[in-house]
>>> print(open('data31.txt').read())   # compact mmCIF, C-alpha atoms
# COMPACT_ATOMS: atom_id res chain seq x y z
CA MET A 1 -19.71 34.52 -80.30
CA ARG A 2 -22.05 31.55 -80.83
CA PRO A 3 -25.67 32.62 -81.54
CA GLU A 4 -27.02 30.59 -78.63
CA SER A 5 -24.73 32.45 -76.21
CA LYS A 6 -26.16 35.87 -77.04
CA PRO A 7 -28.67 37.36 -74.60
CA LYS A 8 -32.19 37.58 -75.96
CA MET A 9 -33.79 41.02 -76.03
CA ILE A 10 -37.46 41.72 -76.68
CA ILE A 11 -38.01 45.15 -78.21
CA SER A 12 -41.49 46.60 -78.67
CA VAL A 13 -42.21 49.33 -81.22
CA ALA A 14 -45.35 51.38 -80.65
CA GLY A 15 -46.87 54.72 -81.57
CA GLY A 16 -49.63 56.86 -80.16
CA LYS A 17 -50.93 57.57 -83.67
CA GLY A 18 -51.16 55.63 -86.91
CA GLY A 19 -49.30 56.69 -90.04
CA VAL A 20 -46.05 57.77 -88.35
CA GLY A 21 -43.92 55.04 -89.97
CA LYS A 22 -43.88 52.62 -87.04
CA SER A 23 -44.15 49.35 -88.98
CA ILE A 24 -41.63 50.35 -91.65
CA PHE A 25 -39.20 51.24 -88.87
CA SER A 26 -39.86 47.85 -87.19
CA VAL A 27 -38.98 46.04 -90.42
CA ALA A 28 -35.88 48.18 -90.95
CA LEU A 29 -34.74 47.68 -87.35
CA GLY A 30 -35.18 43.93 -87.67
CA ALA A 31 -33.27 43.88 -90.96
CA GLN A 32 -30.43 45.91 -89.41
CA PHE A 33 -30.06 43.57 -86.42
CA ALA A 34 -30.17 40.60 -88.82
CA MET A 35 -27.41 42.14 -90.95
CA GLU A 36 -25.28 42.27 -87.80
CA GLY A 37 -25.57 38.47 -87.53
CA ASN A 38 -28.35 38.26 -84.95
CA ARG A 39 -31.16 35.75 -85.28
CA VAL A 40 -34.17 38.07 -85.41
CA VAL A 41 -37.89 37.36 -85.22
CA LEU A 42 -40.29 40.17 -86.13
CA ALA A 43 -43.70 39.53 -84.55
CA ASP A 44 -46.66 41.52 -85.86
CA LEU A 45 -48.81 42.14 -82.77
CA ASP A 46 -50.87 44.90 -84.35
CA LEU A 47 -53.76 42.50 -83.92
CA GLY A 48 -56.60 43.31 -86.25
CA ALA A 49 -54.61 45.68 -88.51
CA ALA A 50 -51.43 43.75 -89.30
CA ASN A 51 -49.33 44.89 -92.26
CA VAL A 52 -45.69 43.98 -91.57
CA HIS A 53 -45.87 41.03 -93.97
CA THR A 54 -46.70 43.34 -96.88
CA TYR A 55 -43.60 45.49 -96.25
CA LEU A 56 -41.58 42.29 -96.56
CA GLY A 57 -43.28 41.36 -99.84
CA ILE A 58 -45.14 38.39 -98.34
CA ILE A 59 -48.45 38.40 -100.18
CA LYS A 60 -49.28 34.69 -100.40
CA LYS A 61 -51.25 32.96 -97.65
CA THR A 62 -49.02 31.89 -94.79
CA PRO A 63 -49.49 30.72 -91.19
CA THR A 64 -50.43 33.63 -88.93
CA ILE A 65 -50.85 34.36 -85.24
CA ALA A 66 -54.56 33.61 -85.72
CA ASP A 67 -53.58 29.94 -86.09
CA PHE A 68 -51.92 30.11 -82.68
CA ILE A 69 -54.85 31.91 -81.03
CA LEU A 70 -57.32 29.39 -82.50
CA LYS A 71 -55.06 26.50 -81.33
CA LYS A 72 -54.37 25.33 -84.88
CA ALA A 73 -50.65 25.74 -84.16
CA PRO A 74 -49.17 24.59 -80.83
CA SER A 75 -46.54 27.33 -80.58
CA LEU A 76 -45.43 30.60 -82.14
CA GLU A 77 -42.26 28.90 -83.32
CA ASP A 78 -44.45 26.69 -85.54
CA ILE A 79 -45.79 29.72 -87.44
CA MET A 80 -42.50 31.54 -88.01
CA ILE A 81 -41.78 32.03 -91.71
CA ASP A 82 -38.63 33.04 -93.56
CA THR A 83 -38.17 36.42 -95.23
CA SER A 84 -35.92 37.59 -98.05
CA ARG A 85 -33.38 38.77 -95.45
CA GLU A 86 -31.03 36.18 -93.98
CA ASN A 87 -31.43 35.74 -90.19
CA LEU A 88 -34.82 37.52 -90.24
CA LYS A 89 -38.03 35.57 -89.67
CA ILE A 90 -41.56 36.87 -89.20
CA ILE A 91 -44.64 35.90 -87.24
CA SER A 92 -47.43 37.31 -89.37
CA GLY A 93 -50.65 38.78 -88.06
CA ALA A 94 -52.24 38.95 -91.49
CA GLU A 95 -55.39 36.91 -90.91
CA PHE A 96 -58.05 38.54 -88.77
CA VAL A 97 -60.54 36.61 -86.66
CA PRO A 98 -63.30 38.15 -84.48
CA GLY A 99 -62.01 39.09 -81.04
CA MET A 100 -58.35 38.87 -82.04
CA ALA A 101 -57.82 42.63 -81.71
CA ASN A 102 -58.64 42.44 -77.98
CA PRO A 103 -57.35 39.13 -76.63
CA ALA A 104 -58.09 38.09 -73.05
CA HIS A 105 -55.39 38.75 -70.47
CA TRP A 106 -54.51 35.04 -70.23
CA MET A 107 -54.01 34.91 -74.01
CA LYS A 108 -51.66 37.93 -73.90
CA LEU A 109 -49.63 36.19 -71.22
CA LYS A 110 -49.58 33.00 -73.28
CA ILE A 111 -48.38 34.92 -76.35
CA MET A 112 -45.60 36.55 -74.33
CA ARG A 113 -44.52 33.21 -72.83
CA HIS A 114 -44.18 31.78 -76.32
CA ILE A 115 -42.36 34.91 -77.54
CA LYS A 116 -39.82 34.51 -74.73
CA ALA A 117 -39.26 30.91 -75.82
CA LEU A 118 -38.55 31.72 -79.49
CA PRO A 119 -35.15 30.58 -80.86
CA ALA A 120 -33.84 34.10 -81.49
CA ASP A 121 -31.32 36.61 -80.22
CA ILE A 122 -33.68 39.56 -80.72
CA VAL A 123 -37.47 39.63 -80.99
CA ILE A 124 -39.13 42.81 -82.25
CA LEU A 125 -42.82 43.34 -81.53
CA ASP A 126 -44.62 45.65 -83.93
CA LEU A 127 -47.55 46.89 -81.85
CA GLY A 128 -50.73 48.68 -82.80
CA ALA A 129 -51.19 52.43 -82.57
CA GLY A 130 -53.11 53.95 -79.69
CA VAL A 131 -53.54 53.16 -76.00
CA HIS A 132 -55.50 49.91 -76.07
CA PHE A 133 -54.77 47.67 -73.09
CA ASN A 134 -53.29 44.87 -75.20
CA THR A 135 -50.81 47.31 -76.79
CA LEU A 136 -49.85 48.80 -73.41
CA ASP A 137 -49.47 45.33 -71.90
CA PHE A 138 -47.22 44.01 -74.66
CA PHE A 139 -45.19 47.23 -74.43
CA GLY A 140 -44.81 46.78 -70.68
CA MET A 141 -43.77 43.13 -70.99
CA SER A 142 -40.85 43.85 -73.33
CA ASP A 143 -37.25 44.55 -72.33
CA ARG A 144 -37.04 47.77 -74.34
CA GLY A 145 -39.85 50.00 -75.57
CA ILE A 146 -39.62 52.39 -78.52
CA VAL A 147 -42.25 55.03 -79.30
CA VAL A 148 -42.26 56.31 -82.89
CA THR A 149 -43.73 59.72 -83.62
CA ALA A 150 -43.59 62.51 -86.21
CA PRO A 151 -42.97 66.26 -85.73
CA GLU A 152 -46.68 67.09 -85.89
CA PRO A 153 -48.89 68.36 -83.02
CA GLY A 154 -51.34 65.44 -83.10
CA ALA A 155 -48.64 62.78 -83.37
CA VAL A 156 -46.55 64.26 -80.54
CA MET A 157 -49.49 64.63 -78.15
CA ASN A 158 -50.61 61.08 -78.92
CA ALA A 159 -47.06 59.88 -78.23
CA TYR A 160 -47.20 61.58 -74.82
CA SER A 161 -50.60 59.99 -74.14
CA PHE A 162 -49.15 56.60 -75.01
CA ILE A 163 -46.14 57.05 -72.69
CA LYS A 164 -48.43 58.15 -69.86
CA GLY A 165 -50.84 55.27 -70.51
CA ALA A 166 -48.01 52.73 -70.58
CA LEU A 167 -46.62 54.02 -67.27
CA PHE A 168 -50.03 53.93 -65.54
CA ARG A 169 -50.71 50.45 -66.93
CA ARG A 170 -47.37 49.25 -65.56
CA LEU A 171 -48.12 50.71 -62.13
CA GLN A 172 -51.63 49.24 -62.12
CA ASN A 173 -50.35 45.77 -62.98
CA ILE A 174 -47.69 45.87 -60.27
CA PHE A 175 -49.70 47.42 -57.42
CA ARG A 176 -53.13 45.96 -58.17
CA LYS A 177 -52.82 43.67 -55.14
CA HIS A 178 -51.72 46.42 -52.73
CA PRO A 179 -54.68 47.50 -50.52
CA GLU A 180 -53.71 51.21 -50.30
CA LEU A 181 -51.63 51.90 -53.41
CA GLY A 182 -53.77 49.95 -55.89
CA PRO A 183 -56.95 52.03 -55.40
CA MET A 184 -54.92 55.26 -55.28
CA ILE A 185 -53.28 54.56 -58.66
CA ASP A 186 -56.61 53.50 -60.18
CA ALA A 187 -58.12 56.81 -59.04
CA GLU A 188 -55.29 58.74 -60.72
CA THR A 189 -55.93 57.01 -64.06
CA LYS A 190 -59.47 58.37 -64.06
CA LYS A 191 -58.43 62.01 -63.69
CA THR A 192 -58.23 64.39 -66.64
CA GLY A 193 -55.04 66.23 -67.54
CA GLU A 194 -55.99 69.33 -65.56
CA GLU A 195 -57.08 67.36 -62.48
CA SER A 196 -54.07 65.07 -62.31
CA THR A 197 -51.00 66.11 -60.36
CA PHE A 198 -49.37 62.72 -60.74
CA THR A 199 -45.61 62.26 -61.06
CA LEU A 200 -43.42 59.40 -59.91
CA GLU A 201 -41.98 61.84 -57.38
CA ALA A 202 -45.45 62.63 -56.00
CA LEU A 203 -46.25 58.91 -55.92
CA SER A 204 -43.02 58.32 -53.98
CA GLU A 205 -44.09 60.91 -51.39
CA GLN A 206 -47.46 59.21 -50.97
CA ILE A 207 -45.77 55.83 -50.68
CA ARG A 208 -43.36 57.26 -48.11
CA ALA A 209 -46.40 58.03 -45.93
CA LEU A 210 -48.53 54.95 -46.70
CA ALA A 211 -46.06 52.13 -47.39
CA PRO A 212 -42.40 53.20 -47.03
CA ASP A 213 -41.16 49.65 -47.68
CA MET A 214 -42.39 50.04 -51.28
CA LEU A 215 -40.02 52.94 -52.07
CA PRO A 216 -37.22 50.74 -53.49
CA LEU A 217 -39.74 49.19 -55.87
CA ILE A 218 -40.76 52.60 -57.20
CA LYS A 219 -37.08 53.40 -57.85
CA GLU A 220 -36.78 50.14 -59.80
CA ILE A 221 -39.82 51.02 -61.90
CA GLU A 222 -38.46 54.50 -62.58
CA THR A 223 -35.17 52.99 -63.79
CA ASP A 224 -36.74 50.13 -65.72
CA PHE A 225 -39.43 52.15 -67.50
CA SER A 226 -37.40 54.32 -69.86
CA PRO A 227 -39.09 54.47 -73.27
CA ALA A 228 -36.96 55.48 -76.22
CA LEU A 229 -38.29 58.05 -78.68
CA VAL A 230 -37.74 57.84 -82.44
CA VAL A 231 -38.88 60.79 -84.57
CA ASN A 232 -39.73 60.13 -88.22
CA ARG A 233 -39.39 62.53 -91.14
CA ILE A 234 -36.83 64.85 -89.57
CA PRO A 235 -33.07 65.21 -90.23
CA GLU A 236 -30.69 63.47 -87.84
CA GLY A 237 -29.34 65.76 -85.13
CA GLU A 238 -32.39 68.03 -85.07
CA LEU A 239 -34.88 68.10 -82.22
CA HIS A 240 -38.19 69.68 -83.22
CA VAL A 241 -39.71 72.06 -80.68
CA LEU A 242 -42.76 69.81 -80.33
CA VAL A 243 -40.53 66.85 -79.49
CA LYS A 244 -38.61 68.95 -76.98
CA ASN A 245 -41.94 69.82 -75.38
CA LEU A 246 -42.86 66.11 -75.18
CA ILE A 247 -39.61 65.30 -73.37
CA ILE A 248 -40.08 68.23 -70.98
CA LEU A 249 -43.74 67.32 -70.41
CA SER A 250 -42.82 63.72 -69.61
CA ARG A 251 -40.24 64.89 -67.09
CA GLU A 252 -42.41 67.55 -65.43
CA LYS A 253 -45.82 65.84 -65.51
CA LEU A 254 -44.76 62.21 -65.07
CA GLY A 255 -41.28 62.38 -63.61
CA LEU A 256 -39.99 60.26 -66.53
CA MET A 257 -36.81 60.64 -68.53
CA VAL A 258 -37.72 59.89 -72.15
CA ASN A 259 -34.61 59.06 -74.17
CA HIS A 260 -34.41 60.50 -77.68
CA ALA A 261 -32.86 57.56 -79.58
CA GLY A 262 -32.65 59.34 -82.93
CA ASN A 263 -34.45 60.57 -86.05
CA LEU A 264 -35.45 58.99 -89.35
CA PRO A 265 -35.06 61.11 -92.51
CA ASP A 266 -37.94 61.93 -94.82
CA VAL A 267 -37.23 59.84 -97.94
CA PRO A 268 -40.05 60.19 -100.51
CA GLU A 269 -38.55 57.37 -102.60
CA ILE A 270 -39.58 54.86 -99.93
CA THR A 271 -43.11 54.81 -101.40
CA GLY A 272 -41.72 52.85 -104.38
CA TYR A 273 -40.48 50.10 -102.05
CA LEU A 274 -43.48 49.52 -99.78
CA LEU A 275 -43.63 45.84 -100.79
CA ARG A 276 -39.86 45.34 -100.34
CA ILE A 277 -38.45 47.43 -97.53
CA PRO A 278 -35.28 45.28 -97.22
CA ALA A 279 -34.51 46.10 -100.86
CA PHE A 280 -35.00 49.81 -100.08
CA LEU A 281 -32.39 49.57 -97.33
CA SER A 282 -29.91 48.11 -99.83
CA ALA A 283 -30.67 50.69 -102.54
CA PRO A 284 -28.87 54.04 -102.91
CA GLU A 285 -32.14 55.84 -102.05
CA GLY A 286 -32.25 54.07 -98.70
CA ARG A 287 -28.71 54.80 -97.51
CA ALA A 288 -29.66 57.77 -95.31
CA TYR A 289 -32.56 55.85 -93.76
CA LEU A 290 -30.40 52.78 -93.13
CA LYS A 291 -27.68 54.91 -91.53
CA ALA A 292 -30.27 56.43 -89.18
CA VAL A 293 -31.64 52.99 -88.26
CA ARG A 294 -28.10 51.72 -87.66
CA ASN A 295 -27.45 54.61 -85.25
CA ILE A 296 -30.70 53.90 -83.40
CA SER A 297 -30.08 50.14 -83.23
CA GLY A 298 -26.68 50.80 -81.65
CA LYS A 299 -28.29 52.81 -78.87
CA ILE A 300 -31.16 50.37 -78.33
CA GLY A 301 -28.91 47.31 -78.41
CA ARG A 302 -26.69 48.71 -75.67
CA HIS A 303 -29.58 49.03 -73.21
CA PRO A 304 -28.56 46.86 -70.26
CA GLY A 305 -30.89 44.23 -68.93
CA PRO A 306 -31.38 43.55 -65.23
CA ALA A 307 -28.44 41.91 -63.52
CA ILE A 308 -29.45 38.43 -62.39
CA ASP A 309 -27.15 35.86 -60.82
CA ALA A 310 -26.56 32.75 -62.89
CA VAL A 311 -29.28 30.54 -61.38
CA LYS A 312 -31.21 28.22 -63.67
CA THR A 313 -34.96 28.76 -63.31
CA LYS A 314 -37.98 28.64 -65.58
CA ALA A 315 -37.83 30.84 -68.66
CA ASP A 316 -41.06 32.54 -67.69
CA PHE A 317 -43.80 32.43 -65.08
CA SER A 318 -47.55 32.33 -65.70
CA ASP A 319 -50.10 34.19 -63.58
CA ASP A 320 -50.81 30.91 -61.79
CA ASP A 321 -47.08 30.40 -61.10
CA VAL A 322 -46.80 33.92 -59.70
CA GLU A 323 -49.76 33.47 -57.35
CA LYS A 324 -48.40 30.15 -56.07
CA ILE A 325 -44.93 31.60 -55.43
CA VAL A 326 -46.48 34.61 -53.66
CA ALA A 327 -48.41 32.17 -51.46
CA LEU A 328 -45.17 30.28 -50.81
CA MET A 329 -43.43 33.49 -49.72
CA ASP A 330 -46.13 34.06 -47.10
CA THR A 331 -45.07 30.80 -45.42
CA LEU A 332 -41.34 31.58 -45.28
CA ASP A 333 -39.44 32.66 -42.21
CA ASP A 334 -38.80 36.39 -41.75
CA SER A 335 -35.05 35.74 -41.89
CA ILE A 336 -35.33 35.08 -45.64
CA PHE A 337 -36.26 38.73 -46.12
CA SER A 338 -33.69 40.21 -43.73
CA ASP A 339 -32.16 42.43 -46.43
CA THR A 340 -35.39 43.37 -48.20
CA SER A 341 -39.15 43.52 -47.57
CA ARG A 342 -41.53 40.58 -47.85
CA LYS A 343 -44.22 42.93 -49.23
CA ALA A 344 -41.81 44.38 -51.80
CA CYS A 345 -40.80 40.88 -52.91
CA ARG A 346 -44.43 39.91 -53.28
CA LEU A 347 -45.17 42.87 -55.53
CA ARG A 348 -41.92 42.42 -57.43
CA MET A 349 -43.21 38.98 -58.47
CA TYR A 350 -45.68 40.87 -60.70
CA PHE A 351 -42.82 42.95 -62.07
CA ARG A 352 -39.60 40.90 -62.20
CA PRO A 353 -40.48 37.31 -61.21
CA ALA A 354 -37.17 35.82 -62.35
CA GLU A 355 -35.23 38.15 -60.05
CA VAL A 356 -37.42 37.29 -57.05
CA VAL A 357 -37.08 33.55 -57.70
CA THR A 358 -33.30 33.96 -58.01
CA TYR A 359 -33.27 35.87 -54.71
CA LEU A 360 -35.25 33.10 -52.99
CA ILE A 361 -33.00 30.36 -54.37
CA ASN A 362 -29.88 32.26 -53.27
CA HIS A 363 -31.39 32.42 -49.77
CA GLY A 364 -31.89 28.67 -49.58
CA VAL A 365 -35.53 28.37 -50.63
CA LYS A 366 -36.31 25.28 -52.72
CA SER A 367 -39.45 24.61 -54.74
CA GLY A 368 -40.49 22.80 -57.88
CA LEU A 369 -42.35 25.98 -58.83
CA PHE A 370 -39.02 27.62 -59.65
CA HIS A 371 -38.05 25.03 -62.26
CA GLY A 372 -41.34 23.90 -63.73
CA GLU A 373 -41.26 20.54 -61.99
>>> encode(input="data31.txt", output="structure tokens")
Amino acid sequence: MRPESKPKMIISVAGGKGGVGKSIFSVALGAQFAMEGNRVVLADLDLGAANVHTYLGIIKKTPTIADFILKKAPSLEDIMIDTSRENLKIISGAEFVPGMANPAHWMKLKIMRHIKALPADIVILDLGAGVHFNTLDFFGMSDRGIVVTAPEPGAVMNAYSFIKGALFRRLQNIFRKHPELGPMIDAETKKTGEESTFTLEALSEQIRALAPDMLPLIKEIETDFSPALVVNRIPEGELHVLVKNLIILSREKLGLMVNHAGNLPDVPEITGYLLRIPAFLSAPEGRAYLKAVRNISGKIGRHPGPAIDAVKTKADFSDDDVEKIVALMDTLDDSIFSDTSRKACRLRMYFRPAEVVTYLINHGVKSGLFHGE
């Protein structure tokens, strides 16, 4: 298969707590996909505390994402640099500038638009630890999200907090324009653990009473938001009781099915390779770790993307594009939405804009907004 014919997948790797091995796993995952012949770009979006470049042995000064944010580089493609692994390139976040750790929403959208335009088969985003909005937003914008944790009480509870925060952030972003559901979801985010009775099922019941035409959208979110869990420093095949509790808690408290993608073994020898993780994967000491990463990459790589008819549209849509297309939908005849809901389509524009545009085109709607004209 020719590289350009492969579907691009954007995978985000996050963790509720620092020190759980997230960035090393990101590097190893990227190296594994590259070994399989994929063109891989590893983007360090742990803004303000970037360290992926060091794990790849890149110590000298190189272009970084700061150059893009400060408009010294016109695109992210211009700051990609080669690594020691064939097919693996990196976008470094090494240089810190004030304000970079908390970019404005428009800058996050700009970064994601450029990420989606990168010449790669797979893009891996190494995100920061914790539940900062920029981390949750990048996680929500990716095709596949992975949460890395360790079998320790603090790490597991922080992983649960991250999953919950990412779900709420996704719901807020989608329903922020809805007059009844937006305020209701915002109110839920302000409740403590004991006060909150939120689950996707409970939200569905409230939507059934307030806005029944939104129910299909909730089902889409439930299907689309399925974070994968990777547990570090535990033998493959085992499922620590704390991790079992996290999966049960996510199901009972949030109504989410968290998928356990696999474990990473505890390999003390890795500390001798912290400036050359690809070499560790090729060394005898790294065989068990590489095998575990290979098993995880197989599960992650098989995650299906949304089915979209083959209609050529823009690669991505800015906030301004979305608002203009939403305004356009308000002018269309009701017959365009005979097999769906106009309101649901409007909200889906904040969730899956390419699918909505494809739907409109297939129903005879024409606009330069769809093609960037």
>>> residues_near_point(input="data31.txt", point="(-42.0, 29.3, -81.6)", cutoff="8 Å", atoms="all atoms listed in the file", output="list in words")
Ser75, Leu76, Glu77, Asp78, Ile79, Met80, His114, Ile115, Ala117, Leu118 and Pro119 of chain A
>>> atom_distance(input="data31.txt", atom1="CA of Gly165 in chain A", atom2="CA of Val13 in chain A")
15.0 Å
>>> residues_around(input="data31.txt", residues="Ile174 in chain A", least_positions_apart="3", cutoff="9 Å", atoms="only C-alpha atoms", output="VMD selection string")
chain A and resid 169 to 171 177 to 178 182 347 to 351
>>> closest_residue(input="data31.txt", among="A:His363, A:Arg233, A:Arg251, A:Lys299", to="Gly21 in chain A", atoms="all atoms listed in the file")
A:Arg233
>>> closest_atom_pairs(input="data31.txt", of="range 49-159 of chain A", to="range 270-286 of chain A", cutoff="10 Å", atoms="all atoms listed in the file", output="Markdown table")
| residue | atom | partner | partner_atom | distance |
| --- | --- | --- | --- | --- |
| A:Val52 | CA | A:Leu275 | CA | 9.6 |
| A:His53 | CA | A:Leu275 | CA | 8.6 |
| A:Thr54 | CA | A:Leu275 | CA | 5.6 |
| A:Tyr55 | CA | A:Leu275 | CA | 4.6 |
| A:Leu56 | CA | A:Arg276 | CA | 5.2 |
| A:Gly57 | CA | A:Leu275 | CA | 4.6 |
| A:Ile58 | CA | A:Leu275 | CA | 8.0 |
| A:Ile59 | CA | A:Leu275 | CA | 8.9 |
| A:Thr83 | CA | A:Pro278 | CA | 9.5 |
| A:Ser84 | CA | A:Pro278 | CA | 7.8 |
| A:Arg85 | CA | A:Pro278 | CA | 7.0 |
>>> atom_distance(input="data31.txt", atom1="CA of Thr62 in chain A", atom2="CA of Leu109 in chain A")
24.0 Å
>>> residues_around(input="data31.txt", residues="Lys366 in chain A", least_positions_apart="5", cutoff="12 Å", atoms="only C-alpha atoms", output="PyMOL selection string")
chain A and resi 313+325+328-329+332+357-361+371+373
>>> closest_residue(input="data31.txt", among="A:Glu152, A:Asp126, A:Asp67, A:Asp82", to="Ala49 in chain A", atoms="all atoms listed in the file")
A:Asp126
>>> closest_residue(input="data31.txt", among="A:Ala43, A:Ala50, A:Leu264, A:Leu200", to="Val148 in chain A", atoms="only C-alpha atoms")
A:Leu264
>>> closest_residue(input="data31.txt", among="A:Arg287, A:Glu201, A:Phe168, A:Asp213", to="Asp186 in chain A", atoms="only C-alpha atoms")
A:Phe168
>>> build_atoms(input="data31.txt", residues="range 268-283 of chain A", atoms="N, CA and C atoms", output="CSV table (one decimal), in the frame of the given file")
chain,number,residue,atom,x,y,z
A,268,PRO,N,-38.9,60.4,-99.7
A,268,PRO,CA,-40.0,60.2,-100.5
A,268,PRO,C,-40.0,58.9,-101.4
A,269,GLU,N,-38.7,58.5,-101.7
A,269,GLU,CA,-38.6,57.4,-102.6
A,269,GLU,C,-39.0,56.1,-101.9
A,270,ILE,N,-39.2,56.1,-100.6
A,270,ILE,CA,-39.6,54.9,-99.9
A,270,ILE,C,-40.9,54.3,-100.4
A,271,THR,N,-41.8,55.2,-100.9
A,271,THR,CA,-43.1,54.8,-101.4
A,271,THR,C,-43.0,53.8,-102.6
A,272,GLY,N,-41.9,53.8,-103.3
A,272,GLY,CA,-41.7,52.8,-104.4
A,272,GLY,C,-41.2,51.5,-103.9
A,273,TYR,N,-41.0,51.3,-102.6
A,273,TYR,CA,-40.5,50.1,-102.0
A,273,TYR,C,-41.4,49.5,-101.0
A,274,LEU,N,-42.6,49.9,-100.9
A,274,LEU,CA,-43.5,49.5,-99.8
A,274,LEU,C,-43.8,48.0,-99.7
A,275,LEU,N,-43.5,47.3,-100.8
A,275,LEU,CA,-43.6,45.8,-100.8
A,275,LEU,C,-42.3,45.2,-100.7
A,276,ARG,N,-41.2,45.9,-100.4
A,276,ARG,CA,-39.9,45.3,-100.3
A,276,ARG,C,-38.9,46.3,-99.6
A,277,ILE,N,-39.2,46.5,-98.3
A,277,ILE,CA,-38.4,47.4,-97.5
A,277,ILE,C,-37.0,47.0,-97.4
A,278,PRO,N,-36.7,45.7,-97.3
A,278,PRO,CA,-35.3,45.3,-97.2
A,278,PRO,C,-34.5,45.7,-98.5
A,279,ALA,N,-35.2,45.7,-99.6
A,279,ALA,CA,-34.5,46.1,-100.9
A,279,ALA,C,-34.3,47.6,-100.8
A,280,PHE,N,-35.2,48.4,-100.2
A,280,PHE,CA,-35.0,49.8,-100.1
A,280,PHE,C,-33.8,50.1,-99.2
A,281,LEU,N,-33.5,49.3,-98.2
A,281,LEU,CA,-32.4,49.6,-97.3
A,281,LEU,C,-31.1,49.3,-98.1
A,282,SER,N,-31.1,48.4,-99.1
A,282,SER,CA,-29.9,48.1,-99.8
A,282,SER,C,-29.7,49.0,-101.0
A,283,ALA,N,-30.7,49.8,-101.4
A,283,ALA,CA,-30.7,50.7,-102.5
A,283,ALA,C,-30.0,52.0,-102.2
